[in-house]
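Colleague: entry_8.cif (mmCIF, C-alpha atoms) pasted underneath:
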data_structure
#
loop_
_atom_site.label_atom_id
_atom_site.label_comp_id
_atom_site.auth_asym_id
_atom_site.auth_seq_id
_atom_site.Cartn_x
_atom_site.Cartn_y
_atom_site.Cartn_z
CA MET A 25 129.76 97.21 88.52
CA GLN A 26 130.05 97.59 92.28
CA HIS A 27 126.80 98.94 93.71
CA GLN A 28 126.47 101.01 96.88
CA TYR A 29 123.83 100.85 99.63
CA PHE A 30 122.81 103.47 102.16
CA LEU A 31 120.59 103.92 105.22
CA LEU A 32 119.24 107.43 105.76
CA ASN A 33 117.26 109.05 108.54
CA LYS A 34 115.04 111.17 106.28
CA PRO A 35 114.28 114.46 108.00
CA TYR A 36 110.81 115.95 108.36
CA GLY A 37 109.91 118.28 105.49
CA MET A 38 112.01 116.54 102.83
CA VAL A 39 110.71 114.37 99.98
CA SER A 40 112.17 110.96 99.08
CA GLN A 41 113.48 112.17 95.71
CA PHE A 42 116.52 113.77 94.11
CA ILE A 43 114.52 115.56 91.38
CA SER A 44 111.13 117.26 91.49
CA SER A 45 109.24 119.84 89.44
CA HIS A 46 107.85 121.26 92.70
CA PRO A 47 109.64 123.65 95.09
CA VAL A 48 110.41 121.05 97.79
CA ARG A 49 113.44 119.98 99.82
CA LEU A 50 115.24 117.16 98.01
CA LEU A 51 117.63 114.38 99.04
CA GLY A 52 120.41 116.06 97.08
CA GLU A 53 120.39 118.91 99.63
CA LEU A 54 121.82 116.56 102.27
CA ASP A 55 125.48 117.02 103.12
CA TYR A 56 126.63 113.84 101.41
CA ASN A 57 128.32 113.09 98.09
CA PHE A 58 126.03 110.39 96.69
CA PRO A 59 127.35 108.43 93.68
CA THR A 60 125.69 108.94 90.30
CA GLY A 61 122.55 106.85 89.90
CA THR A 62 121.60 106.78 93.60
CA HIS A 63 117.85 106.55 94.14
CA ALA A 64 115.47 105.95 97.04
CA ILE A 65 113.75 102.58 97.45
CA GLY A 66 110.13 103.15 98.32
CA ARG A 67 109.12 106.44 99.87
CA LEU A 68 108.31 108.42 102.96
CA ASP A 69 106.14 111.48 102.43
CA HIS A 70 107.55 114.88 103.41
CA HIS A 71 105.65 114.87 106.74
CA SER A 72 107.18 111.52 107.72
CA GLU A 73 110.64 110.79 109.11
CA GLY A 74 112.97 107.90 109.57
CA LEU A 75 114.55 105.01 107.73
CA LEU A 76 114.87 105.40 103.98
CA LEU A 77 116.99 103.05 101.86
CA LEU A 78 119.04 104.32 98.95
CA THR A 79 121.13 102.48 96.40
CA THR A 80 122.67 102.61 92.93
CA ASN A 81 121.27 99.11 92.25
CA LYS A 82 118.13 99.43 90.09
CA LYS A 83 117.10 95.80 90.73
CA VAL A 84 116.40 96.35 94.43
CA THR A 85 112.94 97.93 94.03
CA ARG A 86 111.74 94.91 92.03
CA LEU A 87 113.31 92.42 94.42
CA LEU A 88 111.80 94.11 97.47
CA PHE A 89 108.31 94.92 96.25
CA GLN A 90 107.62 92.01 93.90
CA GLY A 91 108.89 89.17 96.05
CA ALA A 92 106.67 86.28 97.13
CA ILE A 93 106.85 87.32 100.78
CA PRO A 94 105.92 90.93 101.65
CA HIS A 95 108.51 92.79 103.71
CA GLY A 96 107.75 94.14 107.17
CA ARG A 97 108.18 97.80 108.12
CA VAL A 98 107.85 99.16 111.63
CA TYR A 99 106.68 102.70 112.36
CA HIS A 100 106.72 104.48 115.69
CA VAL A 101 103.83 106.91 115.69
CA LEU A 102 102.94 109.67 118.12
CA VAL A 103 99.17 110.17 118.40
CA ASN A 104 96.93 112.48 120.35
CA ASN A 105 95.07 111.15 123.39
CA GLN A 106 95.47 107.99 125.41
CA VAL A 107 94.94 105.05 123.07
CA THR A 108 92.42 102.46 124.23
CA GLU A 109 92.71 98.68 124.01
CA GLU A 110 89.68 98.74 121.73
CA GLN A 111 91.43 101.07 119.27
CA ILE A 112 94.54 98.89 119.31
CA ASN A 113 92.46 95.77 118.62
CA GLN A 114 90.68 97.51 115.74
CA LEU A 115 94.02 98.43 114.17
CA ARG A 116 95.35 94.90 114.68
CA LYS A 117 92.32 93.24 113.06
CA GLY A 118 92.11 95.64 110.12
CA VAL A 119 90.32 98.90 109.40
CA GLN A 120 88.71 100.34 106.28
CA PHE A 121 89.48 103.63 104.55
CA LYS A 122 88.73 105.26 101.22
CA ILE A 123 91.28 104.91 98.38
CA GLY A 124 89.23 106.17 95.43
CA LEU A 125 85.94 107.71 94.38
CA ASN A 126 83.89 104.65 95.36
CA GLN A 127 86.73 102.39 96.46
CA TYR A 128 87.66 101.26 99.95
CA HIS A 129 90.56 99.25 101.30
CA THR A 130 90.51 97.01 104.37
CA THR A 131 93.95 96.62 105.90
CA THR A 132 95.42 93.20 106.58
CA PRO A 133 95.93 92.17 110.22
CA CYS A 134 99.08 93.74 111.67
CA GLU A 135 101.12 94.12 114.84
CA VAL A 136 100.22 97.15 116.98
CA SER A 137 101.37 97.95 120.50
CA ILE A 138 102.01 100.86 122.83
CA VAL A 139 105.74 101.58 123.02
CA ASN A 140 107.25 103.51 125.91
CA PRO A 141 109.82 104.81 125.41
CA PRO A 142 109.85 104.83 121.58
CA MET A 143 113.03 104.21 119.58
CA VAL A 144 112.72 107.81 118.46
CA GLN A 145 115.02 109.84 120.71
CA PHE A 146 115.61 112.82 118.40
CA PRO A 147 113.37 115.91 118.32
CA GLY A 148 110.90 116.51 115.52
CA SER A 149 108.90 119.48 114.32
CA TYR A 150 105.95 118.66 116.60
CA ILE A 151 106.18 120.15 120.08
CA GLN A 152 104.78 117.64 122.57
CA LEU A 153 103.20 119.38 125.56
CA GLU A 154 103.22 117.56 128.90
CA ARG A 155 99.66 118.63 129.75
CA VAL A 156 98.27 117.16 126.51
CA PRO A 157 97.83 113.36 126.57
CA HIS A 158 99.77 111.48 123.88
CA THR A 159 100.66 107.87 123.10
CA TRP A 160 103.50 106.35 121.08
CA LEU A 161 102.40 103.32 119.04
CA SER A 162 104.49 100.75 117.22
CA ILE A 163 102.80 99.59 114.00
CA GLU A 164 104.26 96.87 111.78
CA LEU A 165 102.90 96.67 108.23
CA THR A 166 103.53 94.45 105.23
CA GLU A 167 101.44 96.56 102.84
CA GLY A 168 101.87 100.17 101.82
CA LYS A 169 98.85 102.06 100.57
CA PHE A 170 99.23 105.82 100.15
CA HIS A 171 99.37 107.45 103.63
CA GLN A 172 98.25 104.11 105.07
CA VAL A 173 99.36 104.61 108.68
CA ARG A 174 97.72 108.04 108.91
CA LYS A 175 94.49 106.74 107.36
CA MET A 176 94.42 103.74 109.69
CA LEU A 177 94.71 106.04 112.69
CA THR A 178 92.00 108.36 111.38
CA ALA A 179 89.71 105.33 111.00
CA VAL A 180 89.89 104.78 114.78
CA GLN A 181 89.58 108.49 115.67
CA LEU A 182 93.27 109.10 116.33
CA LYS A 183 95.33 111.91 114.84
CA CYS A 184 98.91 111.25 113.81
CA LYS A 185 101.25 113.92 115.21
CA ARG A 186 104.53 112.31 114.24
CA LEU A 187 105.42 109.28 112.10
CA VAL A 188 108.89 107.72 112.10
CA ARG A 189 109.86 104.53 110.25
CA VAL A 190 112.30 102.71 112.53
CA SER A 191 112.96 99.51 110.56
CA ILE A 192 112.52 97.64 107.29
CA GLU A 193 112.86 93.92 108.01
CA ASN A 194 116.20 93.66 109.87
CA LEU A 195 117.59 97.01 108.77
CA TYR A 196 117.20 99.52 111.60
CA LEU A 197 117.26 103.29 111.98
CA GLY A 198 119.32 102.84 115.14
CA ASP A 199 120.96 106.02 116.40
CA LEU A 200 121.13 107.81 113.02
CA ALA A 201 120.32 111.48 113.49
CA PRO A 202 117.99 113.27 111.03
CA GLY A 203 119.85 113.79 107.76
CA GLN A 204 122.60 111.31 108.71
CA ILE A 205 123.60 108.62 106.22
CA LYS A 206 125.31 105.28 106.79
CA GLU A 207 126.75 103.16 103.96
CA ILE A 208 126.55 99.39 104.43
CA SER A 209 127.87 96.43 102.46
CA GLU A 210 125.85 94.62 99.82
CA ILE A 211 125.70 91.42 101.86
CA ASP A 212 124.52 93.27 104.99
CA PHE A 213 121.91 95.12 102.93
CA PHE A 214 120.35 92.05 101.34
CA THR A 215 120.69 89.91 104.47
CA GLY A 216 118.91 92.63 106.42
CA LEU A 217 116.08 92.66 103.88
CA LYS A 218 115.90 88.84 103.88
CA ILE A 219 116.55 88.72 100.14
CA THR A 220 118.66 85.70 99.22
CA HIS A 221 118.62 85.72 95.39
CA TYR A 222 120.20 88.91 94.13
#
Go ahead and express the file in the form of structure tokens.
Modeller:
Amino acid sequence: MQHQYFLLNKPYGMVSQFISSHPVRLLGELDYNFPTGTHAIGRLDHHSEGLLLLTTNKKVTRLLFQGAIPHGRVYHVLVNNQVTEEQINQLRKGVQFKIGLNQYHTTTPCEVSIVNPPMVQFPGSYIQLERVPHTWLSIELTEGKFHQVRKMLTAVQLKCKRLVRVSIENLYLGDLAPGQIKEISEIDFFTGLKITHY
């Protein structure tokens, strides 16, 4: 069977699913005729935007998330206030946040930098006012706890205003507009994810 592989710029306010028991915007509402069996790999919550991978190949999730080497994902994040060097260093070294009743997680060291301009050149739902100080950060993670980026920012007293995933390994959002889909070949898909045995 010939599988198909897609890059999507997931819009704000849409979940990373085709089916849900809740009244939410679904991937099937996009103006694209996906083949039967297409599913999202990983997730972006409905408040987040950017690169989402889709495929008809059910093996990809296992190959990507259970491999020996964790895969890198880069997020461009708009936060309130001017970010200090101290806050950036805290994020780089690792911060702690709650993940359960009496459970806490300390993040692994990661790449964090101020990015100006960001890769994100399309408008979002958040209206950025010139008189209000903001900073765009680039954050690269190899782990993915629930709402991790937002919780990391909260841990250093920053509020996430916009979160856009711009890459997964060497697969990039590029100039895809919100809701736009691009089909790529199997070899380009796996090469981009640095998966050699598939």
Colleague: Rounded to one decimal place, report the CA of Met38 (chain A)-CA of Leu51 (chain A) distance in Å.
Modeller: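 Going from CA of Met38 (chain A) over to CA of Leu51 (chain A) covers 7.1 Å.
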Colleague: Using the chain letters and numbers from the file, give me the residues hit by the PyMOL selection byres ((chain A and resi 106-117) around 6), as a PDB file with C-alpha atoms, in the coordinates of the input.
Modeller:
ATOM      1  CA  ASN A 105      95.070 111.150 123.390  1.00  0.00           C
ATOM      2  CA  GLY A 118      92.110  95.640 110.120  1.00  0.00           C
ATOM      3  CA  PRO A 133      95.930  92.170 110.220  1.00  0.00           C
ATOM      4  CA  CYS A 134      99.080  93.740 111.670  1.00  0.00           C
ATOM      5  CA  GLU A 135     101.120  94.120 114.840  1.00  0.00           C
ATOM      6  CA  VAL A 136     100.220  97.150 116.980  1.00  0.00           C
ATOM      7  CA  PRO A 157      97.830 113.360 126.570  1.00  0.00           C
ATOM      8  CA  HIS A 158      99.770 111.480 123.880  1.00  0.00           C
ATOM      9  CA  THR A 159     100.660 107.870 123.100  1.00  0.00           C
TER      10      THR A 159
END
Colleague: So, counting all atoms listed in the file, which residue among A:Leu88, A:Leu78, A:Leu31, A:Met25 is closest to His221 (chain A)?
Modeller: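 Closest candidate: A:Leu88.
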Colleague: For the file shown, what are the residues hit by the PyMOL selection byres ((chain A and resi 101) around 8), laid out as a compact mmCIF listing (two decimals) with C-alpha atoms, in the frame of the given file?
Modeller:
# COMPACT_ATOMS: atom_id res chain seq x y z
CA TYR A 99 106.68 102.70 112.36
CA HIS A 100 106.72 104.48 115.69
CA LEU A 102 102.94 109.67 118.12
CA VAL A 103 99.17 110.17 118.40
CA TRP A 160 103.50 106.35 121.08
CA LEU A 161 102.40 103.32 119.04
CA SER A 162 104.49 100.75 117.22
CA ILE A 163 102.80 99.59 114.00
CA CYS A 184 98.91 111.25 113.81
CA LYS A 185 101.25 113.92 115.21
CA ARG A 186 104.53 112.31 114.24
CA LEU A 187 105.42 109.28 112.10
CA VAL A 188 108.89 107.72 112.10
Colleague: Measuring between all atoms listed in the file, which one of A:Ile43, A:Leu54, A:Val173, A:Ile219 shows the shortest distance to Leu68 (chain A)?
Modeller: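 Selected residue with least distance to Leu68 (chain A): A:Val173.
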Colleague: So how far away is CA of Glu207 (chain A) from CA of Pro59 (chain A), in Å?
Modeller: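 Between CA of Pro59 (chain A) and CA of Glu207 (chain A) the gap is 11.6 Å.
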Colleague: Apply the PyMOL selection byres ((chain A and resi 84) around 12) to the structure shown and report the selected residues as a ChimeraX atom specification.
Modeller: /A:27-29,62-66,77-83,85-91,210,213-214,217,219-222
Colleague: Could you please determine the separation between CA of Asn57 (chain A) and CA of Ser44 (chain A) in Å, to one decimal place?
Modeller: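 CA of Ser44 (chain A) lies 18.9 Å from CA of Asn57 (chain A).
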